[in-house]
Structures are given as C-alpha cells and as structure tokens.
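Engineer: Below is the file final-v1.txt, with compact mmCIF, C-alpha atoms.
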# COMPACT_ATOMS: atom_id res chain seq x y z
CA MET A 9 0.00 0.00 0.00
CA THR A 10 2.84 2.39 0.91
CA ALA A 11 4.63 1.57 -2.36
CA GLU A 12 1.42 2.24 -4.30
CA LYS A 13 1.01 5.59 -2.53
CA LEU A 14 4.61 6.61 -3.32
CA GLY A 15 4.07 5.53 -6.91
CA LYS A 16 0.98 7.76 -7.21
CA ILE A 17 2.83 10.72 -5.67
CA LEU A 18 5.72 10.33 -8.09
CA GLY A 19 3.28 9.88 -10.96
CA SER A 20 1.93 13.34 -10.16
CA VAL A 21 5.48 14.68 -9.93
CA ALA A 22 6.19 13.24 -13.38
CA LYS A 23 3.21 15.09 -14.85
CA LYS A 24 4.43 18.36 -13.35
CA MET A 25 7.95 17.77 -14.69
CA HIS A 26 6.57 17.16 -18.17
CA ALA A 27 4.48 20.35 -17.90
CA ASP A 28 7.55 22.33 -16.80
CA PHE A 29 9.51 20.84 -19.70
CA GLU A 30 6.84 21.89 -22.20
CA GLN A 31 6.86 25.40 -20.72
CA SER A 32 10.64 25.59 -21.14
CA LYS A 33 10.17 25.15 -24.89
CA ASN A 34 8.81 28.71 -24.98
CA PHE A 35 12.23 30.17 -24.17
CA ASN A 36 13.73 31.80 -27.23
CA HIS A 37 17.33 31.22 -26.16
CA ASN A 38 18.54 27.61 -26.24
CA GLY A 39 20.82 28.26 -23.25
CA GLU A 40 17.90 29.43 -21.13
CA ALA A 41 15.84 26.39 -22.12
CA GLY A 42 18.69 24.01 -21.31
CA THR A 43 19.30 25.64 -17.93
CA SER A 44 15.60 25.44 -17.10
CA ARG A 45 15.52 21.71 -17.86
CA GLU A 46 18.58 21.08 -15.72
CA VAL A 47 16.89 22.92 -12.84
CA ILE A 48 13.78 20.72 -13.23
CA ILE A 49 15.92 17.62 -12.71
CA GLN A 50 17.92 19.27 -9.92
CA GLU A 51 14.73 20.05 -7.99
CA PHE A 52 13.54 16.46 -8.30
CA LEU A 53 16.88 15.07 -7.15
CA SER A 54 16.94 17.45 -4.19
CA GLY A 55 13.65 16.01 -2.97
CA TYR A 56 14.81 12.39 -2.93
CA LEU A 57 18.50 12.48 -2.07
CA PRO A 58 19.68 11.65 1.47
CA ALA A 59 20.06 14.73 3.68
CA HIS A 60 23.87 14.70 3.59
CA VAL A 61 23.94 14.89 -0.24
CA GLU A 62 23.26 18.12 -2.14
CA ALA A 63 22.45 18.55 -5.84
CA VAL A 64 24.07 21.66 -7.33
CA HIS A 65 23.67 23.10 -10.81
CA ASN A 66 26.27 24.82 -12.98
CA ALA A 67 29.53 23.57 -11.48
CA GLU A 68 33.11 22.75 -12.35
CA ILE A 69 35.17 20.17 -10.48
CA ILE A 70 38.85 20.59 -9.66
CA ALA A 71 41.52 18.29 -8.21
CA ALA A 72 44.61 19.00 -6.13
CA ASN A 73 46.85 17.95 -9.05
CA GLY A 74 45.36 20.69 -11.25
CA ASP A 75 42.90 18.56 -13.25
CA VAL A 76 39.64 20.30 -14.13
CA SER A 77 36.43 18.61 -15.25
CA PRO A 78 34.20 19.71 -18.11
CA GLN A 79 31.30 21.85 -16.93
CA CYS A 80 28.74 19.49 -15.37
CA ASP A 81 24.96 19.86 -15.59
CA ILE A 82 24.30 18.63 -12.05
CA VAL A 83 26.82 17.55 -9.43
CA LEU A 84 25.92 15.61 -6.28
CA ILE A 85 28.18 16.66 -3.43
CA ASP A 86 28.67 16.35 0.32
CA ARG A 87 26.86 19.14 2.19
CA GLY A 88 30.10 19.95 3.98
CA THR A 89 31.72 21.07 0.72
CA PRO A 90 33.43 24.50 0.96
CA PRO A 91 31.22 27.06 -0.84
CA PHE A 92 33.73 28.18 -3.47
CA THR A 93 31.91 30.35 -6.00
CA THR A 94 32.62 32.91 -8.69
CA LEU A 95 30.86 36.28 -8.93
CA ASN A 96 28.16 34.71 -11.11
CA GLY A 97 27.33 32.01 -8.59
CA PHE A 98 29.26 29.34 -10.51
CA ARG A 99 30.37 26.60 -8.09
CA ILE A 100 33.95 25.30 -8.00
CA ILE A 101 34.03 21.97 -6.18
CA PRO A 102 36.99 19.91 -4.92
CA ASN A 103 36.72 16.44 -6.46
CA GLU A 104 37.02 14.75 -3.07
CA CYS A 105 33.59 16.17 -2.15
CA VAL A 106 31.84 14.81 -5.26
CA TYR A 107 29.55 11.79 -4.95
CA GLY A 108 28.03 11.83 -8.42
CA MET A 109 27.21 13.70 -11.60
CA VAL A 110 24.06 13.79 -13.72
CA GLU A 111 24.06 14.78 -17.37
CA VAL A 112 20.71 16.16 -18.55
CA LYS A 113 19.67 15.87 -22.20
CA THR A 114 16.61 17.23 -23.98
CA LYS A 115 16.49 14.48 -26.61
CA LEU A 116 19.02 11.70 -26.28
CA ASP A 117 20.58 10.24 -29.42
CA GLY A 118 23.86 8.47 -30.16
CA THR A 119 25.90 11.67 -30.27
CA GLN A 120 24.40 13.09 -27.07
CA LEU A 121 24.89 9.73 -25.32
CA ALA A 122 28.57 9.57 -26.28
CA ASP A 123 29.06 13.16 -25.06
CA ALA A 124 27.56 12.32 -21.66
CA CYS A 125 29.50 9.05 -21.37
CA ASN A 126 32.77 10.82 -22.20
CA LYS A 127 32.15 13.40 -19.45
CA ILE A 128 31.43 10.68 -16.88
CA SER A 129 34.53 8.76 -17.94
CA ARG A 130 36.72 11.85 -17.75
CA LEU A 131 35.44 12.83 -14.30
CA ARG A 132 36.01 9.33 -12.90
CA GLY A 133 39.60 9.58 -14.09
CA ILE A 134 40.29 12.66 -11.95
CA PRO A 135 42.01 11.58 -8.70
CA LYS A 136 40.59 11.91 -5.19
CA THR A 137 43.63 12.10 -2.92
CA SER A 138 43.33 15.16 -0.68
CA TYR A 139 41.83 13.79 2.54
CA ARG A 140 42.92 14.04 6.15
CA PRO A 141 43.29 10.64 7.86
CA ILE A 142 41.21 10.05 10.97
CA PRO A 143 43.53 8.64 13.67
CA GLY A 144 42.40 5.52 15.45
CA THR A 145 39.59 4.58 13.07
CA ILE A 146 39.33 1.59 10.77
CA PRO A 147 39.77 2.87 7.18
CA ARG A 148 36.55 2.85 5.18
CA SER A 149 36.21 1.53 1.65
CA THR A 150 33.56 1.14 -1.05
CA LYS A 151 33.22 -1.69 -3.57
CA ALA A 152 32.12 -0.49 -7.00
CA TYR A 153 33.01 -1.02 -10.68
CA GLY A 154 34.69 -4.30 -9.81
CA LYS A 155 37.22 -2.72 -7.41
CA THR A 156 37.61 -1.68 -3.79
CA HIS A 157 38.14 2.07 -3.37
CA ASP A 158 39.52 3.98 -0.36
CA HIS A 159 37.05 6.76 -1.16
CA PHE A 160 33.48 6.99 -2.48
CA PRO A 161 33.81 6.73 -6.29
CA THR A 162 31.84 9.16 -8.43
CA SER A 163 28.53 7.84 -9.76
CA GLY A 164 27.48 8.92 -13.23
CA MET A 165 23.90 9.03 -14.54
CA ILE A 166 22.22 10.34 -17.67
CA VAL A 167 18.65 11.70 -17.56
CA ALA A 168 16.74 12.74 -20.68
CA PHE A 169 13.29 14.17 -21.31
CA ASP A 170 13.05 12.29 -24.62
CA SER A 171 15.18 10.02 -26.77
CA LEU A 172 15.38 7.75 -29.74
CA ASN A 173 13.84 4.33 -29.23
CA LEU A 174 15.19 3.08 -25.88
CA GLU A 175 16.46 -0.13 -27.48
CA THR A 176 18.45 1.98 -29.96
CA ILE A 177 19.96 3.98 -27.08
CA GLY A 178 20.90 0.68 -25.43
CA GLU A 179 22.68 -0.47 -28.58
CA HIS A 180 24.63 2.81 -28.73
CA LEU A 181 25.60 2.44 -25.07
CA VAL A 182 26.80 -1.16 -25.46
CA LYS A 183 28.90 -0.10 -28.44
CA TRP A 184 30.49 2.76 -26.44
CA CYS A 185 31.21 0.53 -23.41
CA ARG A 186 32.52 -2.47 -25.31
CA THR A 187 36.07 -1.08 -25.70
CA ARG A 188 36.26 0.52 -22.24
CA ASN A 189 36.73 -0.58 -18.63
CA PRO A 190 33.60 -0.67 -16.37
CA ILE A 191 35.08 2.19 -14.29
CA GLU A 192 34.27 4.44 -17.28
CA TRP A 193 30.70 3.26 -17.88
CA PRO A 194 27.68 5.28 -16.73
CA ASP A 195 25.70 3.72 -13.89
CA SER A 196 22.36 4.19 -15.60
CA VAL A 197 20.41 6.01 -18.32
CA TRP A 198 16.90 7.39 -17.69
CA VAL A 199 14.40 8.64 -20.29
CA ALA A 200 11.12 10.21 -19.15
CA GLY A 201 8.06 8.43 -20.49
CA LYS A 202 10.08 5.47 -21.80
CA GLY A 203 12.16 3.72 -19.17
CA HIS A 204 15.74 3.23 -18.14
CA LEU A 205 18.90 1.23 -18.83
CA GLN A 206 20.78 -0.36 -15.95
CA TRP A 207 23.42 -3.03 -15.41
CA GLY A 208 22.63 -6.43 -13.95
CA ASP A 209 22.64 -10.21 -14.24
CA ALA A 210 20.45 -11.20 -17.19
CA ARG A 211 20.25 -14.83 -16.01
CA HIS A 212 18.62 -14.00 -12.68
CA GLY A 213 17.08 -10.63 -13.51
CA SER A 214 18.91 -8.90 -10.66
CA LEU A 215 20.24 -5.35 -10.97
CA TYR A 216 23.69 -4.21 -9.87
CA ARG A 217 24.48 -1.04 -7.96
CA SER A 218 27.21 -0.25 -10.49
CA PRO A 219 28.57 -1.89 -13.65
CA VAL A 220 31.16 -4.65 -13.43
CA ALA A 221 32.96 -6.72 -16.05
CA GLY A 222 30.58 -9.29 -17.51
CA ALA A 223 27.43 -7.36 -16.58
CA SER A 224 24.51 -7.22 -18.98
CA LEU A 225 22.77 -4.01 -19.94
CA ILE A 226 19.09 -4.38 -19.09
CA GLN A 227 16.27 -2.30 -20.57
CA ILE A 228 13.38 -1.61 -18.19
CA ASP A 229 10.30 -0.01 -19.72
CA ALA A 230 8.40 2.50 -17.59
CA LEU A 231 4.88 1.88 -16.35
CA PRO A 232 2.68 4.69 -17.73
CA GLU A 233 1.16 5.56 -14.33
CA GLN A 234 4.57 5.87 -12.63
CA ASP A 235 6.90 6.95 -15.42
CA ILE A 236 10.56 6.52 -14.36
CA LEU A 237 10.47 8.49 -11.12
CA LEU A 238 9.78 5.75 -8.56
CA ALA A 239 12.59 3.61 -9.97
CA LEU A 240 14.88 6.66 -10.11
CA ALA A 241 14.09 7.62 -6.49
CA LEU A 242 15.00 4.08 -5.37
CA HIS A 243 18.16 4.18 -7.50
CA LEU A 244 19.22 7.42 -5.82
CA ASN A 245 18.67 5.87 -2.40
CA ILE A 246 20.76 2.80 -3.26
CA HIS A 247 23.59 4.90 -4.66
CA PHE A 248 23.83 7.69 -2.13
CA SER A 249 22.38 6.59 1.23
CA ASP A 250 25.84 5.24 2.12
CA ALA A 251 27.86 8.04 0.46
CA TRP A 252 30.77 9.11 2.68
CA MET A 253 34.00 11.08 2.68
CA ASN A 254 36.95 11.58 5.01
CA PRO A 255 37.71 15.18 6.06
CA LEU A 256 38.84 17.31 3.11
CA ASP A 257 42.45 18.53 3.19
CA LEU A 258 42.71 21.87 1.36
CA ILE A 259 46.47 22.30 1.87
CA PRO A 260 47.43 20.39 -1.32
CA TYR A 261 45.13 22.72 -3.27
CA SER A 262 47.21 25.72 -2.23
CA GLY A 263 50.28 24.22 -3.92
CA ALA A 264 53.28 26.56 -3.86
CA THR A 265 51.16 29.65 -3.24
CA PRO A 266 52.89 31.72 -0.53
CA LEU A 267 50.78 32.27 2.57
CA GLY A 268 52.78 35.20 3.87
CA ASN A 269 56.29 36.21 5.03
CA VAL A 270 57.70 35.29 8.43
CA SER A 271 58.86 38.56 9.98
CA LYS A 272 59.33 37.69 13.66
CA ARG A 273 59.90 34.65 15.89
CA TRP A 274 59.65 34.36 19.69
CA THR A 275 61.33 31.68 21.75
CA ILE A 276 59.75 30.76 25.07
Represent the structure of the file as structure tokens.
Structural biologist:
Amino acid sequence: MTAEKLGKILGSVAKKMHADFEQSKNFNHNGEAGTSREVIIQEFLSGYLPAHVEAVHNAEIIAANGDVSPQCDIVLIDRGTPPFTTLNGFRIIPNECVYGMVEVKTKLDGTQLADACNKISRLRGIPKTSYRPIPGTIPRSTKAYGKTHDHFPTSGMIVAFDSLNLETIGEHLVKWCRTRNPIEWPDSVWVAGKGHLQWGDARHGSLYRSPVAGASLIQIDALPEQDILLALALHLNIHFSDAWMNPLDLIPYSGATPLGNVSKRWTI
C-alpha cells in the first residue's frame, strides 16, 4: 500500500515535470531552455537524495593535481563542501567532495549519449587524494566497478526528457562501453516516459548497484502511471544513502602559493 502511494505521488510529480519541460520550450534562447531543464531535474533530485547529499547546478570540479572537469549539468556533493563560487554564482568543487554527476539531455541520441559518457569517464579519471586521515579509526572503503576504493567513487547518470527508441539507445551504449573498462561506464540512463537502462545479471534478472565486467545491460520499460520516477528515487537511495567522505584537506590545493612572510619569531 505504501509503495502504491509513493508511486501515485511520483506519478503526479512526473506530470508536473513534463508540464515544466513543455513550458521551457517557450524560451527563445537555447541556453535558457537548457538551464531550465537542468533545474527541473535538480529540484527532483533534491527532494529524494539523502540529507547529507546536495544537488548543485552549474559547477566545475577541480583536483589538487590541477585537473579540471568539463562543466557538469548537475553535481551531487557532500553538504560539507566548501562554498567556493565565482561572482556569477558558478560553483567550484573539490573532487574529493563529489559523490556523483548527472548529465541532462533534452532528446538523447547516439551523439548526445557519447558526449555524456565521455564526461562521466573523464570525471572518474580525476584523482581523489586530498583527505585528512582520521587517527584511530578503521579505514573505510567502497566496492564499485569491480574494485575496492579507499574513497566513495563518483557515480554517473544520464537523464533525458526524450530520446530515440530506448532499445536503440541501449545499442549505442553497449557499443560505447565495449572497448572501455567498467570504471568508465555510466551507472544508468533514464528517459522520461520510456524507461531506463541499468546493469545487472540477465540470467537471474537482478540489478547491480554499479557496472562490473561481464554485466549485462538491461532495458526496463516504464509503467505509464509511474513513469521513471519511482525507480529513479530508489536508484538514488541505493547509490547515495551510504555516500561518505573523510575530512577534506585543502592544503594540497594551495600548492606553492605563498601564505605570507615570516617577519618575527619568539622563543619561550
């Protein structure tokens, strides 16, 4: 009964999102329309993410070694992230604080899919090394993408308001992934009104939290009364309810930047 009630609530949310999307088509400037659609997804994510995870729009991710990500549509970060911003409100986020990224597409095709996959792959390749150890505690780890990580690896999802036939999108995704390691693959692809693509075991019908070598790509068609939102809300819970990070160490980010000149010393 509770699941049915949640499904009905999210069905209503889906209708509102579609209405907001249709309204965004009235914008004359493509940039304004794209931003509006990203905000629609950001607002949904914000309502169903765990309290310690924040969805931010219009951000760039940096690493202590100088690597910089492409501009990301939506970034999911720890709420303790330092609020680095530019004058225009553009967020600059240390990679250690990033839990995930979401690429938002108006109409997903092979080219748009490859663009989103490349961004996810590039971001996962940026190192997360600038943490302060916590003395006396047992080191934490996370198993994902067929490996054990000493940090929370960045999840990557693609959400679209429309697309080519979902089976066609699946074929494009399999082709892109076939020559790459699972650490580069997106965790899932979601298309409003159609369904989603996720990794799992085709023999038993079970779904995986993240892709691993030998996983099958599984197409799941949406139920009309629920759309994709109930499944997406559950997916967000599975991915981010256990998201964690050790304390951020900003000193490596300062590099060789001088902090001042020593002008006096006292000996006691």
Engineer: Just give me the residues with any atom within 6 Å of (15.6, 13.2, -20.0), file coordinates, counting all atoms listed in the file, written as a list in words.
Structural biologist: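 Here the neighbourhood of the point contains Lys113, Thr114, Val167, Ala168, Phe169, Asp170, Val199 and Ala200 of chain A.
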Engineer: As an exercise, work out the distance from CA of Gly144 (chain A) to CA of Asn254 (chain A) in Å and give it to one decimal place.
Structural biologist: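 Here the two named atoms are 13.2 Å from each other.
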Engineer: With distances taken over all atoms listed in the file, which of A:Leu240, A:Val106, A:Ile228, A:Ile85 is nearest to His159 (chain A)?
Structural biologist: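 Smallest separation from His159 (chain A) among the options: A:Val106.
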Engineer: Using all atoms listed in the file, collect all residues at a distance of at most 12 Å from (33.8, 27.3, 2.2) as written in the file, then present them as a list in words.
Structural biologist: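 Here is the list of nearby residues: Arg87, Gly88, Thr89, Pro90, Pro91, Phe92, Thr93, Arg99, Ile100, Ile101, Pro102, Cys105, Leu256 and Leu258 of chain A.
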Engineer: Tell me, in Å to one decimal, how far CA of Asp209 (chain A) is from CA of Ser163 (chain A).
Structural biologist: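 These atoms are spaced 19.5 Å apart.
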Engineer: Do you know which residues are at most 12 Å from Ala264 (chain A) counting only C-alpha atoms, after dropping those on the same chain fewer than 4 positions away, and could you put them as a list in words?
Structural biologist: Ala72, Asn73, Ile259, Pro260 and Gly268 of chain A
Engineer: Would you mind listing what lies within 10 Å of Gly133 (chain A) as a ChimeraX atom specification, with all atoms listed in the file counted and same-chain residues fewer than 2 positions away left out?
Structural biologist: /A:75,77,127-131,135-136,162,191-192
Engineer: Do a neighbour search on Leu181 (chain A) at 12 Å with all atoms listed in the file, toss out local chain neighbours closer than 2 positions, and write the hits as a PyMOL selection string.
Structural biologist: chain A and resi 116-126+166+174-179+183-188+192-197+205-207+224-227
Engineer: Output, as AutoDock Vina command-line options, the centre and edge lengths in Å (one decimal) of the axis-aligned box that contains all listed atoms of region 186-198 of chain A with 5 Å of margin on each side.
Structural biologist:
--center_x 26.8 --center_y 2.5 --center_z -19.8 --size_x 29.8 --size_y 19.9 --size_z 21.8
Engineer: What does the distance from CA of Tyr139 (chain A) to CA of Met253 (chain A) come to in Å, to one decimal?
Structural biologist: 8.3 Å
Engineer: Applying 8 Å and all atoms listed in the file, which residues near Asp158 (chain A) remain after dropping the ones on its own chain fewer than 2 positions away? List them as a ChimeraX atom specification.
Structural biologist: /A:147-150,156,160
Engineer: Please provide as a tab-separated table (two decimals) with C-alpha atoms, keeping the file's coordinate frame all residues within 12 Å of Lys155 (chain A), with the sequence filter that same-chain residues fewer than 6 positions apart are discarded (counting all atoms listed in the file).
Structural biologist:
chain	number	residue	atom	x	y	z
A	149	SER	CA	36.21	1.53	1.65
A	161	PRO	CA	33.81	6.73	-6.29
A	189	ASN	CA	36.73	-0.58	-18.63
A	190	PRO	CA	33.60	-0.67	-16.37
A	191	ILE	CA	35.08	2.19	-14.29
A	218	SER	CA	27.21	-0.25	-10.49
A	219	PRO	CA	28.57	-1.89	-13.65
A	220	VAL	CA	31.16	-4.65	-13.43
A	221	ALA	CA	32.96	-6.72	-16.05
Engineer: Let me make sure I understand: among A:Ala63, A:His157, A:Glu104, A:Ala223, which one has the smallest atom-to-atom distance to Glu51 (chain A) if we use only C-alpha atoms?
Structural biologist: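 Using only C-alpha atoms, Glu51 (chain A) sits closest to A:Ala63.
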